[in-house]
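Next up, structure-v2.txt (compact mmCIF, C-alpha atoms):
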# COMPACT_ATOMS: atom_id res chain seq x y z
CA MET A 1 -24.00 -49.29 -76.38
CA THR A 2 -24.61 -53.01 -76.00
CA GLN A 3 -25.76 -54.59 -72.77
CA ARG A 4 -24.55 -58.01 -71.63
CA ILE A 5 -27.59 -60.12 -70.79
CA GLU A 6 -28.37 -63.69 -69.87
CA PHE A 7 -30.51 -65.99 -72.01
CA LYS A 8 -31.25 -69.70 -72.11
CA SER A 9 -29.76 -72.01 -74.70
CA LYS A 10 -32.12 -74.57 -76.22
CA SER A 11 -30.50 -77.06 -73.84
CA GLY A 12 -31.74 -74.97 -70.92
CA GLN A 13 -28.24 -73.86 -69.97
CA ALA A 14 -27.79 -70.21 -69.02
CA GLU A 15 -25.66 -68.33 -71.55
CA HIS A 16 -24.76 -64.69 -72.19
CA GLY A 17 -24.73 -62.30 -75.09
CA GLU A 18 -24.61 -58.65 -76.13
CA LEU A 19 -27.93 -56.91 -76.85
CA ALA A 20 -28.65 -53.51 -78.41
CA GLU A 21 -32.11 -52.10 -79.04
CA PRO A 22 -33.04 -49.66 -81.80
CA SER A 23 -34.16 -46.17 -80.87
CA GLY A 24 -37.79 -45.51 -80.03
CA THR A 25 -40.35 -47.94 -78.72
CA ASP A 26 -41.80 -49.45 -81.91
CA LYS A 27 -41.55 -53.11 -82.79
CA ALA A 28 -38.46 -54.00 -84.81
CA PRO A 29 -37.01 -56.95 -86.71
CA ALA A 30 -34.61 -59.02 -84.61
CA LEU A 31 -31.13 -60.01 -85.77
CA ILE A 32 -28.68 -62.52 -84.33
CA VAL A 33 -25.06 -61.47 -84.97
CA ILE A 34 -22.48 -64.28 -84.83
CA GLN A 35 -18.89 -63.52 -83.94
CA GLU A 36 -15.67 -64.05 -85.88
CA TRP A 37 -13.18 -66.56 -84.49
CA TRP A 38 -11.74 -63.88 -82.21
CA GLY A 39 -14.79 -64.06 -79.92
CA VAL A 40 -17.36 -61.48 -78.85
CA ASN A 41 -14.95 -58.55 -78.66
CA ASP A 42 -15.28 -54.79 -79.07
CA HIS A 43 -15.59 -55.19 -82.85
CA VAL A 44 -18.55 -57.54 -82.51
CA ARG A 45 -20.16 -55.19 -80.01
CA SER A 46 -19.70 -52.36 -82.51
CA LEU A 47 -21.46 -54.43 -85.18
CA VAL A 48 -24.37 -55.09 -82.81
CA ASP A 49 -24.58 -51.36 -82.13
CA ARG A 50 -24.52 -50.55 -85.86
CA PHE A 51 -27.32 -52.96 -86.62
CA ALA A 52 -29.36 -51.46 -83.76
CA LYS A 53 -28.83 -47.99 -85.21
CA ASP A 54 -30.09 -49.34 -88.53
CA GLY A 55 -33.34 -50.41 -86.86
CA PHE A 56 -32.73 -53.96 -85.66
CA LEU A 57 -33.10 -55.55 -82.25
CA ALA A 58 -29.57 -56.93 -82.43
CA PHE A 59 -28.08 -59.69 -80.29
CA ALA A 60 -24.72 -61.48 -80.31
CA PRO A 61 -24.78 -64.75 -78.34
CA ASP A 62 -21.34 -65.43 -76.88
CA LEU A 63 -20.39 -68.78 -78.39
CA TYR A 64 -16.98 -68.77 -76.65
CA HIS A 65 -18.54 -68.09 -73.22
CA GLY A 66 -16.42 -65.07 -72.39
CA LYS A 67 -13.20 -66.02 -74.15
CA THR A 68 -11.62 -63.64 -76.66
CA THR A 69 -8.19 -63.33 -78.25
CA LYS A 70 -6.16 -61.13 -80.59
CA ASP A 71 -3.78 -63.96 -81.51
CA GLY A 72 -4.48 -65.92 -84.68
CA GLY A 73 -3.09 -69.15 -83.30
CA GLU A 74 -5.23 -68.93 -80.20
CA ALA A 75 -8.27 -68.00 -82.31
CA ALA A 76 -7.74 -71.14 -84.39
CA LYS A 77 -7.65 -73.22 -81.20
CA LEU A 78 -10.89 -71.64 -79.96
CA LEU A 79 -12.56 -72.31 -83.30
CA HIS A 80 -11.45 -75.94 -83.40
CA ALA A 81 -12.61 -76.42 -79.82
CA LEU A 82 -16.06 -75.03 -80.58
CA ASP A 83 -18.86 -77.48 -79.91
CA TRP A 84 -20.96 -76.86 -83.02
CA GLY A 85 -23.94 -78.73 -81.66
CA HIS A 86 -23.97 -76.54 -78.57
CA ALA A 87 -23.44 -73.44 -80.73
CA ILE A 88 -26.54 -74.30 -82.75
CA GLU A 89 -28.45 -74.81 -79.49
CA ASP A 90 -27.29 -71.34 -78.41
CA VAL A 91 -28.59 -69.90 -81.68
CA ALA A 92 -31.92 -71.68 -81.17
CA GLY A 93 -32.08 -70.20 -77.68
CA ALA A 94 -31.32 -66.77 -79.10
CA VAL A 95 -34.20 -67.16 -81.58
CA SER A 96 -36.57 -67.95 -78.71
CA PHE A 97 -35.22 -65.10 -76.60
CA LEU A 98 -35.60 -62.54 -79.38
CA SER A 99 -38.99 -63.82 -80.52
CA ALA A 100 -40.31 -63.25 -77.01
CA HIS A 101 -38.68 -59.84 -76.60
CA PRO A 102 -41.24 -57.01 -76.31
CA ARG A 103 -39.47 -55.02 -79.05
CA CYS A 104 -39.48 -57.87 -81.60
CA ASN A 105 -41.89 -57.65 -84.54
CA GLY A 106 -42.06 -61.44 -84.71
CA LYS A 107 -39.33 -61.95 -87.31
CA VAL A 108 -35.77 -63.08 -86.55
CA GLY A 109 -32.79 -63.16 -88.89
CA ILE A 110 -29.15 -64.14 -88.51
CA THR A 111 -25.86 -62.83 -89.83
CA GLY A 112 -22.27 -63.73 -89.09
CA PHE A 113 -18.71 -63.05 -90.11
CA CYS A 114 -16.04 -65.64 -90.98
CA MET A 115 -16.72 -68.42 -88.45
CA GLY A 116 -19.97 -66.60 -87.75
CA GLY A 117 -20.98 -66.82 -91.39
CA ALA A 118 -20.57 -70.59 -91.23
CA VAL A 119 -22.62 -70.75 -88.04
CA ALA A 120 -25.32 -68.57 -89.61
CA LEU A 121 -25.70 -70.94 -92.56
CA ALA A 122 -25.61 -74.04 -90.36
CA ALA A 123 -28.31 -72.49 -88.18
CA ALA A 124 -30.43 -71.68 -91.22
CA ALA A 125 -30.34 -75.39 -92.05
CA LYS A 126 -31.11 -76.59 -88.51
CA VAL A 127 -32.93 -73.95 -86.46
CA PRO A 128 -36.63 -73.21 -87.08
CA GLY A 129 -37.83 -69.63 -86.88
CA LEU A 130 -35.18 -67.86 -88.95
CA SER A 131 -36.60 -65.74 -91.76
CA ALA A 132 -33.31 -64.49 -93.23
CA ALA A 133 -29.63 -65.46 -93.12
CA VAL A 134 -26.75 -63.28 -94.31
CA PRO A 135 -23.32 -64.95 -94.07
CA PHE A 136 -20.14 -62.95 -94.64
CA TYR A 137 -17.21 -65.06 -95.92
CA GLY A 138 -18.18 -68.24 -94.12
CA ILE A 139 -19.39 -71.71 -95.17
CA PRO A 140 -20.30 -74.59 -92.82
CA ASP A 141 -19.25 -78.22 -92.98
CA PRO A 142 -19.73 -79.74 -96.48
CA SER A 143 -22.09 -82.34 -95.00
CA THR A 144 -24.62 -79.65 -94.06
CA ASP A 145 -28.09 -80.60 -95.30
CA TYR A 146 -29.94 -77.56 -96.62
CA ALA A 147 -33.25 -79.35 -97.21
CA GLN A 148 -34.91 -77.74 -94.17
CA VAL A 149 -33.84 -74.16 -94.95
CA THR A 150 -36.76 -71.72 -94.95
CA ALA A 151 -34.77 -68.49 -94.54
CA ALA A 152 -34.01 -66.16 -97.43
CA ILE A 153 -30.22 -66.17 -97.89
CA GLN A 154 -27.81 -63.49 -99.08
CA GLY A 155 -24.06 -64.22 -99.05
CA HIS A 156 -21.05 -61.89 -99.19
CA TYR A 157 -17.69 -63.28 -100.32
CA ALA A 158 -14.29 -61.93 -101.36
CA LYS A 159 -12.66 -62.71 -104.69
CA LYS A 160 -9.16 -62.71 -103.12
CA ASP A 161 -10.13 -64.81 -100.10
CA GLU A 162 -7.59 -67.58 -99.49
CA TYR A 163 -9.80 -69.28 -96.89
CA ILE A 164 -13.26 -69.30 -98.44
CA LYS A 165 -12.58 -69.00 -102.15
CA PRO A 166 -15.16 -67.87 -104.74
CA GLU A 167 -15.51 -71.44 -105.98
CA ASN A 168 -16.48 -72.51 -102.45
CA ALA A 169 -19.28 -69.94 -102.46
CA LEU A 170 -20.41 -71.10 -105.89
CA GLY A 171 -20.38 -74.67 -104.59
CA LEU A 172 -22.62 -73.54 -101.73
CA LYS A 173 -24.99 -71.99 -104.24
CA ALA A 174 -25.12 -75.24 -106.21
CA LYS A 175 -25.90 -77.26 -103.06
CA LEU A 176 -28.69 -74.90 -102.06
CA GLU A 177 -30.18 -74.96 -105.53
CA LYS A 178 -30.00 -78.76 -105.58
CA ALA A 179 -32.03 -78.68 -102.35
CA GLY A 180 -34.56 -76.38 -104.02
CA LYS A 181 -33.37 -73.27 -102.19
CA LYS A 182 -32.01 -69.92 -103.36
CA ILE A 183 -29.11 -67.69 -102.37
CA GLU A 184 -28.32 -64.18 -103.52
CA LEU A 185 -24.53 -64.07 -103.88
CA HIS A 186 -22.30 -61.01 -103.95
CA PHE A 187 -18.57 -61.06 -104.65
CA TYR A 188 -16.12 -58.26 -103.85
CA ASP A 189 -12.68 -57.60 -105.31
CA THR A 190 -10.99 -57.72 -101.92
CA ASP A 191 -9.75 -60.00 -99.12
CA HIS A 192 -11.22 -62.14 -96.37
CA ALA A 193 -12.61 -60.19 -93.38
CA PHE A 194 -12.99 -57.01 -95.43
CA VAL A 195 -15.73 -55.67 -93.13
CA ASN A 196 -13.53 -55.74 -90.01
CA ASP A 197 -12.51 -52.11 -89.49
CA THR A 198 -10.18 -53.05 -86.61
CA ARG A 199 -7.87 -54.87 -89.03
CA PRO A 200 -6.37 -52.31 -91.44
CA GLU A 201 -4.49 -55.03 -93.33
CA VAL A 202 -7.76 -56.44 -94.70
CA TYR A 203 -10.42 -53.77 -94.12
CA ASP A 204 -11.85 -52.39 -97.36
CA PRO A 205 -14.05 -49.35 -96.62
CA ALA A 206 -15.75 -49.20 -100.03
CA CYS A 207 -16.55 -52.90 -100.20
CA ALA A 208 -17.59 -52.97 -96.55
CA LYS A 209 -19.99 -50.06 -97.07
CA LEU A 210 -21.57 -51.67 -100.13
CA ALA A 211 -21.91 -55.07 -98.46
CA TRP A 212 -23.42 -53.51 -95.34
CA GLU A 213 -25.99 -51.56 -97.34
CA ARG A 214 -26.95 -54.65 -99.31
CA ALA A 215 -27.25 -56.73 -96.16
CA VAL A 216 -29.37 -54.19 -94.31
CA THR A 217 -31.71 -53.74 -97.29
CA PHE A 218 -32.07 -57.51 -97.70
CA LEU A 219 -32.67 -58.10 -94.00
CA LYS A 220 -35.27 -55.36 -93.72
CA ALA A 221 -37.12 -56.68 -96.76
CA ASN A 222 -37.22 -60.24 -95.39
CA LEU A 223 -37.82 -59.40 -91.73
CA ALA A 224 -40.69 -56.98 -92.21
CA ALA A 225 -43.68 -57.78 -90.02
Could you spell out this file's structure in C-alpha cells?
Amino acid sequence: MTQRIEFKSKSGQAEHGELAEPSGTDKAPALIVIQEWWGVNDHVRSLVDRFAKDGFLAFAPDLYHGKTTKDGGEAAKLLHALDWGHAIEDVAGAVSFLSAHPRCNGKVGITGFCMGGAVALAAAAKVPGLSAAVPFYGIPDPSTDYAQVTAAIQGHYAKKDEYIKPENALGLKAKLEKAGKKIELHFYDTDHAFVNDTRPEVYDPACAKLAWERAVTFLKANLAA
C-alpha cells in the first residue's frame, strides 16, 4: 500500500506524492511514476504498488496537487492548466528525494502513462540524474530539445492510438537519433491507454502484460547499481 508523503520541489515548494517501498531492507532502484491526465488516483497508486512489488522504490509525485477526476472533459482542463515548468521542477525534486532515500541504490528512473509519458520524456531532456525513461503512449511538446538526454529510453505505443499515432512515435525516434540518442520502441496492436485496467473499454490484458514485463526488464537493467 502506498503512503502519501511530503517532498520538496526543485523550487523549494512543499509537494506531495505516493511512495511504496519494495519488500526487505536491501537497496533498490528508484522509479518515478507519472500520472495519467486523471490525476494521482487509485489506479496510479496501484501502479506504484506494482512497481514496488517488482523491486523498485516507487514514487508518484502529485502533479495536480490533490485534484483528480473521472470526467474526460475535466481531465482535459486539468491537463491544459498544468504548469509544465513546475511539473518538471516537481520531477527534479522527486529525483533528489529518491536519490537521498535510504533504500535507493543510487539510480533513479522515470515512467509515465499518457500525459505522464510526455512528462517522463520532457524530464529526461531537462532533469539531470535520470538513468532510464519509459514512456507509455505519451510524447512531449515538439519543441523539446533532446540534446541533454542521458537516460536510456524505451517507449510503448499503440498501433490504433488516435491521440499519439505510430507515426508520432517514429517521429520521436527520428528526433532522438538526430540528437545522437537512442530509443527502444515497441508497438502494440491495441488502443491508447491499454495498460489501464480500470478502463475496460481500452484495457488489453495481453498487451499490458507484455509491455509491463518489457518495461520492468529494461528498467532493472538500466537502474542496476
For this session: Extract, using all atoms listed in the file, all DNA, RNA and protein residues at most 8 Å from range 69-76 of chain A, discarding same-chain residues fewer than 3 positions from it, and format them as a ChimeraX atom specification.
Result: /A:37-39,79-80
Next, the residues of the selection above should be written as a tab-separated table (two decimals), keeping the file's coordinate frame with C-alpha atoms.
chain	number	residue	atom	x	y	z
A	37	TRP	CA	-13.18	-66.56	-84.49
A	38	TRP	CA	-11.74	-63.88	-82.21
A	39	GLY	CA	-14.79	-64.06	-79.92
A	79	LEU	CA	-12.56	-72.31	-83.30
A	80	HIS	CA	-11.45	-75.94	-83.40
For this session: Find the residues near Arg103 in chain A: any atom within 7 Å, counting all atoms listed in the file, skip ones fewer than 5 places away on the same chain, and give them as a PyMOL selection string.
Result: chain A and resi 26-28
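All residues of protein, DNA or RNA that reach within 12 Å of Lys165 in chain A, judged by all atoms listed in the file and not counting those fewer than 5 positions away in the chain, are A:Tyr137, A:Gly138, A:Ile139, A:His156, A:Tyr157, A:Ala158, A:Lys159, A:Lys160, A:Leu170, A:Gly171, A:Leu172, A:Phe187, A:Tyr188, A:Asp189, A:Thr190, A:Asp191, A:His192.
For the pair CA of Ile32 in chain A and CA of Leu223 in chain A, the interatomic distance is 12.2 Å.
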Problem set entry | Distance query Val195 in chain A at most 12 Å, all atoms listed in the file, self and fewer than 6 positions along chain excluded, as a ChimeraX atom specification | /A:36,43-44,46-47,112-114,136-137,156-158,188,201-213,215
Could those residues be written to a file, using C-alpha atoms, as a short mmCIF file (atom, residue, chain, number, x, y, z; two decimals), in the coordinates of the input?
data_model
loop_
_atom_site.label_atom_id
_atom_site.label_comp_id
_atom_site.auth_asym_id
_atom_site.auth_seq_id
_atom_site.Cartn_x
_atom_site.Cartn_y
_atom_site.Cartn_z
CA GLU A 36 -15.67 -64.05 -85.88
CA HIS A 43 -15.59 -55.19 -82.85
CA VAL A 44 -18.55 -57.54 -82.51
CA SER A 46 -19.70 -52.36 -82.51
CA LEU A 47 -21.46 -54.43 -85.18
CA GLY A 112 -22.27 -63.73 -89.09
CA PHE A 113 -18.71 -63.05 -90.11
CA CYS A 114 -16.04 -65.64 -90.98
CA PHE A 136 -20.14 -62.95 -94.64
CA TYR A 137 -17.21 -65.06 -95.92
CA HIS A 156 -21.05 -61.89 -99.19
CA TYR A 157 -17.69 -63.28 -100.32
CA ALA A 158 -14.29 -61.93 -101.36
CA TYR A 188 -16.12 -58.26 -103.85
CA GLU A 201 -4.49 -55.03 -93.33
CA VAL A 202 -7.76 -56.44 -94.70
CA TYR A 203 -10.42 -53.77 -94.12
CA ASP A 204 -11.85 -52.39 -97.36
CA PRO A 205 -14.05 -49.35 -96.62
CA ALA A 206 -15.75 -49.20 -100.03
CA CYS A 207 -16.55 -52.90 -100.20
CA ALA A 208 -17.59 -52.97 -96.55
CA LYS A 209 -19.99 -50.06 -97.07
CA LEU A 210 -21.57 -51.67 -100.13
CA ALA A 211 -21.91 -55.07 -98.46
CA TRP A 212 -23.42 -53.51 -95.34
CA GLU A 213 -25.99 -51.56 -97.34
CA ALA A 215 -27.25 -56.73 -96.16
#
Exercise. Using only C-alpha atoms, which of the listed residues (A:Glu21, A:Glu177, A:Glu15, A:Glu167) sits closest to Val91 in chain A?
Worked result: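 Checking each of A:Glu21, A:Glu177, A:Glu15, A:Glu167 against Val91 in chain A, counting only C-alpha atoms, the winner is A:Glu15.
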Exercise. So how many Å separate CA of Thr144 in chain A and CA of Pro128 in chain A, to one decimal?
Worked result: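 Spanning CA of Thr144 in chain A to CA of Pro128 in chain A is a straight-line distance of 15.3 Å.
Our summary of the geometry notes that CA of Thr68 in chain A is positioned 14.6 Å from CA of Thr198 in chain A.
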